[in-house]
$ cat protein.txt   # compact mmCIF, C-alpha atoms
# COMPACT_ATOMS: atom_id res chain seq x y z
CA MET A 1 -22.83 -4.03 18.92
CA LYS A 2 -25.12 -4.73 21.84
CA ASP A 3 -27.75 -2.41 20.42
CA GLN A 4 -27.45 -4.04 17.05
CA LEU A 5 -28.00 -7.48 18.53
CA ARG A 6 -30.92 -6.18 20.55
CA LYS A 7 -32.52 -4.71 17.44
CA ARG A 8 -31.96 -7.87 15.47
CA LEU A 9 -33.48 -9.95 18.23
CA ALA A 10 -36.39 -7.54 18.45
CA SER A 11 -37.07 -8.22 14.78
CA LEU A 12 -37.90 -11.81 15.78
CA ASP A 13 -40.56 -10.62 18.21
CA PRO A 14 -43.87 -12.21 17.15
CA MET A 15 -45.71 -9.61 19.23
CA HIS A 16 -43.86 -6.53 18.04
CA PRO A 17 -45.65 -3.22 18.64
CA GLY A 18 -47.32 -3.39 15.23
CA VAL A 19 -49.35 -6.42 16.29
CA PRO A 20 -52.65 -5.30 17.82
CA THR A 21 -53.79 -6.41 21.26
CA GLU A 22 -57.12 -6.20 23.01
CA SER A 23 -57.72 -2.62 24.09
CA VAL A 24 -58.23 -1.96 27.77
CA THR A 25 -61.24 0.14 26.87
CA SER A 26 -63.03 -2.52 24.86
CA SER A 27 -66.28 -3.77 26.30
CA SER A 28 -64.94 -7.26 26.91
CA SER A 29 -61.90 -5.83 28.73
CA GLN A 30 -64.12 -3.65 30.84
CA ARG A 31 -66.30 -6.61 31.73
CA LEU A 32 -63.22 -8.61 32.76
CA LEU A 33 -61.86 -5.79 34.89
CA GLU A 34 -65.20 -5.21 36.54
CA GLU A 35 -65.41 -8.89 37.37
CA ILE A 36 -61.93 -8.83 38.87
CA MET A 37 -62.62 -5.73 40.93
CA SER A 38 -65.69 -7.43 42.37
CA THR A 39 -63.50 -10.21 43.74
CA PRO A 40 -62.93 -10.12 47.49
CA VAL A 41 -59.33 -9.27 48.24
CA THR A 42 -58.94 -11.22 51.44
CA GLU A 43 -58.36 -14.48 49.60
CA GLN A 44 -54.86 -15.59 48.88
CA PRO A 45 -53.65 -15.88 45.32
CA GLN A 46 -54.64 -19.12 43.76
CA TYR A 47 -51.25 -20.78 43.94
CA ARG A 48 -51.76 -23.87 45.97
CA PRO A 49 -48.89 -25.95 47.23
CA GLU A 50 -48.68 -29.28 45.54
CA PRO A 51 -46.01 -30.99 47.58
CA LYS A 52 -45.47 -34.35 46.04
CA ARG A 53 -41.90 -34.70 47.03
CA ASN A 54 -42.14 -37.49 49.53
CA ARG A 55 -39.85 -39.60 47.46
CA TRP A 56 -37.15 -37.12 48.30
CA LEU A 57 -37.30 -38.31 51.86
CA VAL A 58 -36.32 -41.83 50.97
CA GLY A 59 -32.82 -43.04 51.28
CA VAL A 60 -31.14 -39.83 52.17
CA ALA A 61 -30.14 -40.56 55.75
CA ALA A 62 -26.71 -41.60 54.66
CA ALA A 63 -26.23 -38.66 52.38
CA ALA A 64 -23.54 -36.30 53.45
CA ALA A 65 -24.44 -32.79 54.44
CA LEU A 66 -22.97 -29.88 52.61
CA VAL A 67 -21.57 -27.31 54.92
CA VAL A 68 -22.00 -23.82 53.69
CA ALA A 69 -19.11 -21.54 54.22
CA VAL A 70 -20.31 -18.18 53.11
CA GLY A 71 -18.54 -14.88 53.33
CA GLY A 72 -15.03 -14.71 52.09
CA ALA A 73 -14.73 -18.42 51.91
CA ILE A 74 -13.22 -18.43 48.50
CA ALA A 75 -11.43 -21.67 47.99
CA LEU A 76 -7.78 -20.87 48.43
CA THR A 77 -6.50 -24.38 48.20
CA GLY A 78 -7.70 -27.03 45.87
CA GLY A 79 -10.10 -24.54 44.42
CA PRO A 80 -12.50 -25.08 41.60
CA SER A 81 -11.24 -25.63 38.12
CA GLY A 82 -13.95 -23.39 36.72
CA ASP A 83 -12.74 -19.85 36.53
CA PRO A 84 -14.81 -17.51 38.61
CA VAL A 85 -16.31 -14.84 36.46
CA ALA A 86 -16.25 -11.18 37.30
CA GLY A 87 -18.56 -9.92 39.99
CA ALA A 88 -19.41 -11.51 43.29
CA PRO A 89 -16.95 -14.17 44.45
CA PRO A 90 -18.11 -17.75 44.16
CA LEU A 91 -19.96 -19.13 47.11
CA VAL A 92 -18.13 -22.15 48.41
CA LEU A 93 -19.95 -25.08 49.96
CA ASN A 94 -17.97 -27.73 51.73
CA ALA A 95 -19.28 -31.24 51.96
CA GLY A 96 -18.42 -32.86 55.24
CA GLY A 97 -19.53 -36.44 55.61
CA GLU A 98 -19.58 -36.23 59.38
CA ASP A 99 -22.05 -33.44 59.46
CA ALA A 100 -25.09 -35.27 58.23
CA THR A 101 -27.15 -34.90 61.34
CA ALA A 102 -30.36 -33.29 60.25
CA MET A 103 -33.56 -35.22 60.48
CA CYS A 104 -35.63 -35.17 57.36
CA ILE A 105 -38.83 -33.28 57.76
CA MET A 106 -41.79 -33.57 55.48
CA PHE A 107 -41.44 -31.42 52.40
CA SER A 108 -43.73 -28.44 52.14
CA VAL A 109 -43.54 -25.19 50.29
CA GLU A 110 -43.90 -23.37 53.60
CA GLU A 111 -40.90 -25.18 55.03
CA LEU A 112 -38.96 -24.58 51.83
CA ALA A 113 -39.70 -20.87 52.11
CA ARG A 114 -37.83 -20.75 55.43
CA ALA A 115 -34.51 -21.59 53.82
CA PRO A 116 -32.32 -18.49 53.96
CA LEU A 117 -30.35 -19.57 50.89
CA ALA A 118 -31.87 -20.91 47.71
CA PHE A 119 -30.71 -21.02 44.14
CA GLU A 120 -30.85 -22.90 40.89
CA GLY A 121 -27.57 -23.73 39.25
CA THR A 122 -26.16 -25.61 36.29
CA VAL A 123 -23.18 -27.83 36.89
CA THR A 124 -20.32 -26.58 34.76
CA THR A 125 -17.53 -28.81 35.99
CA VAL A 126 -17.14 -31.91 38.10
CA ASP A 127 -13.50 -32.27 38.95
CA GLY A 128 -12.48 -34.84 41.48
CA ASP A 129 -14.31 -33.86 44.64
CA THR A 130 -15.28 -30.41 43.45
CA VAL A 131 -18.43 -29.41 41.65
CA THR A 132 -18.84 -25.96 40.19
CA LEU A 133 -22.29 -24.63 39.47
CA THR A 134 -23.20 -21.52 37.57
CA VAL A 135 -26.11 -19.88 39.28
CA GLU A 136 -29.08 -19.50 36.98
CA GLU A 137 -31.28 -17.84 39.54
CA TRP A 138 -30.98 -16.79 43.11
CA PHE A 139 -34.29 -17.28 44.82
CA LYS A 140 -32.99 -16.04 48.12
CA GLY A 141 -29.94 -15.09 50.09
CA GLY A 142 -27.11 -14.64 47.64
CA ASP A 143 -25.79 -13.06 44.50
CA ALA A 144 -22.74 -15.12 43.64
CA GLU A 145 -22.47 -16.07 40.02
CA GLN A 146 -20.92 -19.39 40.86
CA VAL A 147 -21.19 -21.86 43.68
CA VAL A 148 -18.51 -24.40 44.39
CA LEU A 149 -19.17 -27.61 46.24
CA ASN A 150 -16.14 -29.16 47.87
CA ALA A 151 -16.62 -32.72 48.93
CA PRO A 152 -13.39 -34.18 50.23
CA GLN A 153 -15.14 -37.41 51.12
CA GLY A 154 -16.59 -37.98 47.72
CA LEU A 155 -19.46 -36.68 45.73
CA GLU A 156 -21.60 -39.77 45.45
CA ALA A 157 -25.04 -39.47 46.92
CA LEU A 158 -24.49 -35.96 48.16
CA ILE A 159 -27.82 -34.78 46.94
CA ASP A 160 -30.37 -37.44 47.44
CA GLY A 161 -28.43 -40.03 45.59
CA PHE A 162 -28.22 -38.00 42.39
CA PRO A 163 -24.72 -37.72 41.05
CA PHE A 164 -23.85 -34.29 39.78
CA GLN A 165 -23.72 -34.22 36.03
CA VAL A 166 -22.21 -31.49 33.94
CA GLY A 167 -24.96 -29.56 32.21
CA SER A 168 -27.69 -30.65 34.61
CA GLN A 169 -29.55 -28.16 36.73
CA TYR A 170 -30.02 -28.42 40.46
CA LEU A 171 -32.12 -26.56 42.96
CA ILE A 172 -30.28 -26.12 46.22
CA THR A 173 -31.20 -24.64 49.58
CA ALA A 174 -29.04 -24.19 52.62
CA TYR A 175 -29.98 -23.61 56.22
CA ASP A 176 -27.77 -22.93 59.21
CA GLY A 177 -24.71 -23.69 57.20
CA ASN A 178 -26.06 -26.95 55.82
CA VAL A 179 -27.54 -27.70 52.48
CA ASN A 180 -31.06 -28.97 52.98
CA TYR A 181 -30.53 -32.20 51.17
CA CYS A 182 -33.59 -33.91 52.64
CA GLY A 183 -35.90 -33.20 49.77
CA PHE A 184 -35.10 -29.52 49.80
CA SER A 185 -32.31 -29.74 47.27
CA GLY A 186 -32.03 -31.85 44.19
CA VAL A 187 -32.27 -32.12 40.46
CA SER A 188 -34.32 -29.32 38.95
CA THR A 189 -37.58 -30.62 37.57
CA PRO A 190 -40.49 -28.43 36.47
CA GLU A 191 -42.41 -29.56 39.52
CA PHE A 192 -39.62 -28.92 41.98
CA ARG A 193 -38.85 -25.60 40.37
CA ALA A 194 -42.47 -24.54 40.63
CA ALA A 195 -42.30 -25.26 44.35
CA PHE A 196 -39.24 -22.99 44.60
CA GLU A 197 -40.96 -20.27 42.64
CA GLN A 198 -43.94 -20.50 44.88
CA ALA A 199 -41.92 -20.60 48.08
CA PHE A 200 -39.81 -17.61 47.16
CA ALA A 201 -42.34 -15.62 45.17
CA GLY A 202 -42.42 -11.89 45.62
CA MET B 1 -55.31 1.56 50.71
CA SER B 2 -57.95 3.32 52.68
CA SER B 3 -61.08 3.09 50.61
CA ALA B 4 -62.56 0.79 48.04
CA THR B 5 -62.64 3.65 45.55
CA GLU B 6 -58.96 4.36 45.97
CA ARG B 7 -58.22 0.72 45.52
CA ARG B 8 -60.16 0.61 42.29
CA ASP B 9 -58.46 3.76 41.07
CA ARG B 10 -55.03 2.38 41.77
CA PHE B 11 -55.87 -0.90 40.07
CA GLU B 12 -57.20 0.89 37.01
CA THR B 13 -54.06 3.02 36.81
CA ILE B 14 -51.87 -0.06 36.97
CA VAL B 15 -54.00 -1.95 34.50
CA ALA B 16 -53.78 0.91 32.02
CA GLU B 17 -50.00 0.52 32.15
CA VAL B 18 -49.74 -3.25 31.96
CA TYR B 19 -52.75 -4.29 29.89
CA ASP B 20 -51.04 -4.17 26.52
CA PRO B 21 -47.52 -5.32 27.49
CA LEU B 22 -48.85 -8.23 29.55
CA GLN B 23 -50.82 -9.51 26.58
CA ARG B 24 -47.69 -9.32 24.46
CA TYR B 25 -45.60 -11.02 27.12
CA LEU B 26 -48.01 -13.94 27.30
CA ARG B 27 -48.57 -14.30 23.57
CA ARG B 28 -44.82 -14.45 23.06
CA ARG B 29 -44.71 -17.49 25.30
CA ALA B 30 -48.08 -19.16 24.99
CA SER B 31 -50.93 -19.89 22.61
CA ALA B 32 -53.81 -17.45 22.33
CA GLU B 33 -56.05 -19.70 24.38
CA GLU B 34 -53.56 -20.24 27.17
CA SER B 35 -52.64 -16.57 27.19
CA GLY B 36 -56.27 -15.64 27.69
CA ASP B 37 -56.66 -17.93 30.69
CA VAL B 38 -53.44 -16.84 32.29
CA PHE B 39 -54.02 -13.16 31.55
CA SER B 40 -57.14 -12.93 33.68
CA ASP B 41 -55.41 -14.86 36.47
CA VAL B 42 -52.51 -12.43 36.38
CA LEU B 43 -54.83 -9.45 36.61
CA LEU B 44 -56.64 -11.10 39.48
CA THR B 45 -53.35 -11.55 41.30
CA VAL B 46 -52.50 -7.90 40.69
CA TRP B 47 -55.85 -6.97 42.16
CA ARG B 48 -55.35 -9.12 45.21
CA ARG B 49 -51.77 -8.10 45.79
CA LEU B 50 -52.26 -4.46 44.93
CA ASP B 51 -50.50 -3.28 48.07
CA GLU B 52 -47.35 -5.15 47.07
CA VAL B 53 -46.98 -3.64 43.61
CA PRO B 54 -43.80 -1.53 43.63
CA SER B 55 -44.71 1.84 42.17
CA ASP B 56 -41.33 2.21 40.47
CA ALA B 57 -41.43 -1.21 38.82
CA VAL B 58 -45.04 -1.94 38.04
CA LEU B 59 -44.41 -3.65 34.72
CA PRO B 60 -41.41 -5.83 35.70
CA TRP B 61 -43.30 -6.89 38.82
CA SER B 62 -46.31 -7.78 36.69
CA TYR B 63 -44.09 -9.81 34.35
CA GLY B 64 -42.90 -11.70 37.41
CA VAL B 65 -46.50 -12.50 38.33
CA ALA B 66 -47.19 -13.54 34.74
CA ARG B 67 -44.14 -15.80 34.70
CA ARG B 68 -45.20 -17.60 37.86
CA THR B 69 -48.85 -17.81 36.84
CA LEU B 70 -47.94 -19.25 33.45
CA SER B 71 -45.60 -21.72 35.10
CA ASN B 72 -48.29 -22.81 37.56
CA HIS B 73 -50.86 -23.01 34.84
CA ARG B 74 -48.63 -25.23 32.76
CA ARG B 75 -47.81 -27.45 35.65
CA SER B 76 -51.44 -28.07 36.50
CA ALA B 77 -52.40 -28.50 32.88
CA GLN B 78 -49.31 -30.37 31.85
CA ARG B 79 -50.90 -33.64 30.88
CA ASN B 80 -53.65 -31.83 29.09
CA LEU B 81 -51.20 -29.66 27.26
CA ARG B 82 -49.12 -32.59 26.14
CA LEU B 83 -52.18 -34.21 24.70
CA VAL B 84 -53.21 -31.05 22.90
CA GLN B 85 -49.75 -30.56 21.50
CA ARG B 86 -49.63 -34.12 20.28
CA LEU B 87 -53.00 -33.76 18.62
CA GLU B 88 -51.96 -30.51 17.04
CA SER B 89 -48.74 -31.89 15.72
CA GLU B 90 -50.59 -34.87 14.29
CA ARG B 91 -53.15 -32.67 12.63
CA GLN B 92 -50.95 -30.14 10.95
CA PRO B 93 -47.41 -29.39 11.98
CA ALA B 94 -46.29 -25.92 12.98
CA THR B 95 -49.52 -24.00 13.01
CA ASP B 96 -50.17 -21.87 16.03
CA GLY B 97 -47.73 -23.61 18.32
CA ASP B 98 -44.87 -21.28 18.99
CA PRO B 99 -45.71 -17.81 17.75
CA ALA B 100 -42.02 -17.25 17.12
CA ASP B 101 -42.12 -19.83 14.36
CA ALA B 102 -43.83 -17.45 12.02
CA PHE B 103 -40.95 -15.04 12.28
CA GLU B 104 -38.06 -17.34 11.69
CA GLU B 105 -38.22 -16.47 8.03
CA THR B 106 -37.12 -12.92 8.67
CA ASP B 107 -33.85 -13.90 10.33
CA PRO B 108 -33.63 -17.67 10.38
CA ASP B 109 -29.98 -17.75 11.45
CA LEU B 110 -30.65 -15.70 14.52
CA ALA B 111 -33.85 -17.58 15.30
CA ASP B 112 -31.95 -20.88 15.08
CA ALA B 113 -29.15 -19.57 17.23
CA LEU B 114 -31.62 -18.34 19.82
CA ALA B 115 -33.53 -21.61 19.81
CA GLY B 116 -30.27 -23.46 20.36
CA LEU B 117 -29.52 -21.71 23.64
CA PRO B 118 -30.54 -23.09 27.03
CA PRO B 119 -34.07 -21.97 27.96
CA ALA B 120 -32.85 -19.66 30.72
CA ASP B 121 -30.57 -17.83 28.28
CA GLN B 122 -33.35 -17.56 25.71
CA GLU B 123 -35.68 -16.08 28.26
CA ILE B 124 -33.26 -13.47 29.50
CA LEU B 125 -32.56 -12.40 25.90
CA ARG B 126 -36.29 -12.18 25.19
CA LEU B 127 -36.90 -10.06 28.25
CA TRP B 128 -34.07 -7.83 27.11
CA ALA B 129 -34.93 -7.51 23.42
CA TRP B 130 -38.67 -8.14 23.27
CA GLU B 131 -39.90 -6.72 26.54
CA GLN B 132 -37.09 -4.15 26.30
CA LEU B 133 -36.20 -4.47 29.96
CA GLU B 134 -32.94 -3.40 31.55
CA PRO B 135 -31.06 -5.82 33.85
CA ARG B 136 -32.55 -4.25 36.99
CA GLU B 137 -36.05 -4.79 35.59
CA ILE B 138 -35.26 -8.29 34.36
CA ALA B 139 -34.10 -9.05 37.89
CA GLN B 140 -37.48 -7.95 39.21
CA ALA B 141 -39.29 -10.09 36.66
CA LEU B 142 -37.15 -13.15 37.35
CA GLY B 143 -36.77 -12.75 41.08
CA SER B 144 -33.03 -12.39 40.74
CA THR B 145 -30.51 -9.64 41.39
CA ALA B 146 -29.44 -6.98 38.89
CA ASN B 147 -25.85 -8.09 39.25
CA ALA B 148 -26.63 -11.71 38.50
CA VAL B 149 -28.87 -10.73 35.59
CA SER B 150 -26.19 -8.50 34.06
CA LEU B 151 -23.72 -11.34 34.11
CA ARG B 152 -26.20 -13.85 32.78
CA LEU B 153 -27.28 -11.47 30.06
CA SER B 154 -23.77 -10.84 28.89
CA ARG B 155 -23.08 -14.55 28.98
CA ALA B 156 -26.22 -15.24 26.95
CA ARG B 157 -25.24 -12.61 24.39
CA LYS B 158 -21.82 -14.15 24.13
CA LYS B 159 -23.27 -17.62 23.64
CA LEU B 160 -25.56 -16.28 20.94
CA ALA B 161 -22.63 -14.63 19.19
CA GLU B 162 -20.61 -17.84 19.44
CA SER B 163 -23.47 -19.78 18.01
CA PHE B 164 -23.40 -17.45 15.03
CA THR B 165 -19.71 -17.92 14.62
CA ARG B 166 -20.26 -21.63 14.39
CA GLN B 167 -23.13 -21.28 11.93
CA ASP B 168 -21.55 -18.78 9.61
CA PRO B 169 -18.06 -19.52 8.39
CA PRO B 170 -15.84 -16.65 9.50
CA PRO B 171 -14.81 -14.21 6.78
CA PRO B 172 -11.29 -14.51 5.39
CA GLY B 173 -8.74 -13.16 7.80
CA HIS B 174 -11.07 -13.60 10.75
CA ILE B 175 -9.36 -14.89 13.85
CA ASP B 176 -11.32 -16.95 16.29
CA GLU B 177 -11.39 -15.37 19.69
CA GLU B 178 -12.25 -18.58 21.43
CA PRO B 179 -9.58 -20.91 22.70
CA ALA B 180 -9.33 -24.12 20.73
CA GLU B 181 -10.74 -26.28 23.52
CA GLU B 182 -13.95 -24.28 23.52
CA GLN B 183 -14.49 -25.15 19.89
CA GLN B 184 -14.53 -28.86 20.49
CA ARG B 185 -17.98 -30.24 20.78
$ encode --input "protein.txt" --output "structure tokens"
Amino acid sequence: MKDQLRKRLASLDPMHPGVPTESVTSSSSQRLLEEIMSTPVTEQPQYRPEPKRNRWLVGVAAAAALVVAVGGAIALTGGPSGDPVAGAPPLVLNAGGEDATAMCIMFSVEELARAPLAFEGTVTTVDGDTVTLTVEEWFKGGDAEQVVLNAPQGLEALIDGFPFQVGSQYLITAYDGNVNYCGFSGVSTPEFRAAFEQAFAG
Amino acid sequence: MSSATERRDRFETIVAEVYDPLQRYLRRRASAEESGDVFSDVLLTVWRRLDEVPSDAVLPWSYGVARRTLSNHRRSAQRNLRLVQRLESERQPATDGDPADAFEETDPDLADALAGLPPADQEILRLWAWEQLEPREIAQALGSTANAVSLRLSRARKKLAESFTRQDPPPPGHIDEEPAEEQQR
């Protein structure tokens, strides 16, 4: 069944093996490779940070911090309505309004890269004070399929003033048990996502 | 990497392995022109980061570089690209835009179902069926874990199958496996 689906999908491949590509031995390929091998290797790859996230720093002082409770912290009471799928248990994040103490530091890809926990997730349910996200990609520090945010004091303005919406994608980092909400977590945009990819590349 | 010659040898060995599949990877996701630009950047990154290439996962690692390079390229050229796309669509619709378009004829139902999935699901299915990667390799290409990829892949397959079920009326006697609430849209 799986193999059949795979074969059928493969039939949609516009670059199936019958489509020719440029041969590595062609003269133009050889010229390209020679040019590349003449490039000094001390330079860094050409990905340059383009931090343009200053707007994330605005108006977040009042936002509540999300306290990360990793490791066996499966919600036993008032748990998420979304059923955890098989595999790793959901990661549960608690939102405690009193814990918003972090100062906002200027966004940079380098700073972002220091976050020990980073993922992109799609909100699957918003139920009362609980948000369940399905993890689309772990950039760092976890492998749970789902992340649950518990916010007993309300969900408004948790992440930079953006309400969580079912179906929307968010990029979230956490540091020392706190979600980095000061510009280091928020709605997933191509730009923000590129910063994550850059920060957590390789 | 002790000598310049060894470095060149290693690069040439890697290039021999990835040269063809990287071109296919890019052309599946980008126009010929964009693929060409990104392709040389990817090879340059491989050259510069030669010491980081995992010997047991050369190709998946290279796909990961290609994914990030393409993403960066698009970000920097986004305005440009939008303009080009608009011009193209004004000139003659559906020419060399998405290479997959040309193949929808062969299995339009599946192509529609695939196109209807969220981008992340589409991509994981492409990596699985087009690049013929296993979950562990997809994880390397996406910067994820094998466990997470396996779950996402099976979820994406399920969504694709469900999409079919909605498109094609079930045969007589067929019983929907989905609970009724899932069918509401």
$ interface_residues --input "protein.txt" --of "chain A" --to "chain B" --cutoff "7 Å" --atoms "all atoms listed in the file" --output "PyMOL selection string"
chain A and resi 6+9-10+12-15+21+24+36-37+41+45+137-139+143+145+191+194+197
$ write_last_selection --input "protein.txt" --atoms "C-alpha atoms" --output "JSON list (two decimals), in the coordinates of the input"
[["chain", "number", "residue", "atom", "x", "y", "z"],
["A", 6, "ARG", "CA", -30.92, -6.18, 20.55],
["A", 9, "LEU", "CA", -33.48, -9.95, 18.23],
["A", 10, "ALA", "CA", -36.39, -7.54, 18.45],
["A", 12, "LEU", "CA", -37.90, -11.81, 15.78],
["A", 13, "ASP", "CA", -40.56, -10.62, 18.21],
["A", 14, "PRO", "CA", -43.87, -12.21, 17.15],
["A", 15, "MET", "CA", -45.71, -9.61, 19.23],
["A", 21, "THR", "CA", -53.79, -6.41, 21.26],
["A", 24, "VAL", "CA", -58.23, -1.96, 27.77],
["A", 36, "ILE", "CA", -61.93, -8.83, 38.87],
["A", 37, "MET", "CA", -62.62, -5.73, 40.93],
["A", 41, "VAL", "CA", -59.33, -9.27, 48.24],
["A", 45, "PRO", "CA", -53.65, -15.88, 45.32],
["A", 137, "GLU", "CA", -31.28, -17.84, 39.54],
["A", 138, "TRP", "CA", -30.98, -16.79, 43.11],
["A", 139, "PHE", "CA", -34.29, -17.28, 44.82],
["A", 143, "ASP", "CA", -25.79, -13.06, 44.50],
["A", 145, "GLU", "CA", -22.47, -16.07, 40.02],
["A", 191, "GLU", "CA", -42.41, -29.56, 39.52],
["A", 194, "ALA", "CA", -42.47, -24.54, 40.63],
["A", 197, "GLU", "CA", -40.96, -20.27, 42.64]]
$ atom_distance --input "protein.txt" --atom1 "atom CA of B:Leu70" --atom2 "atom CA of B:Phe39"
8.8 Å
$ atom_distance --input "protein.txt" --atom1 "atom CA of A:Val166" --atom2 "atom CA of A:Thr122"
7.5 Å
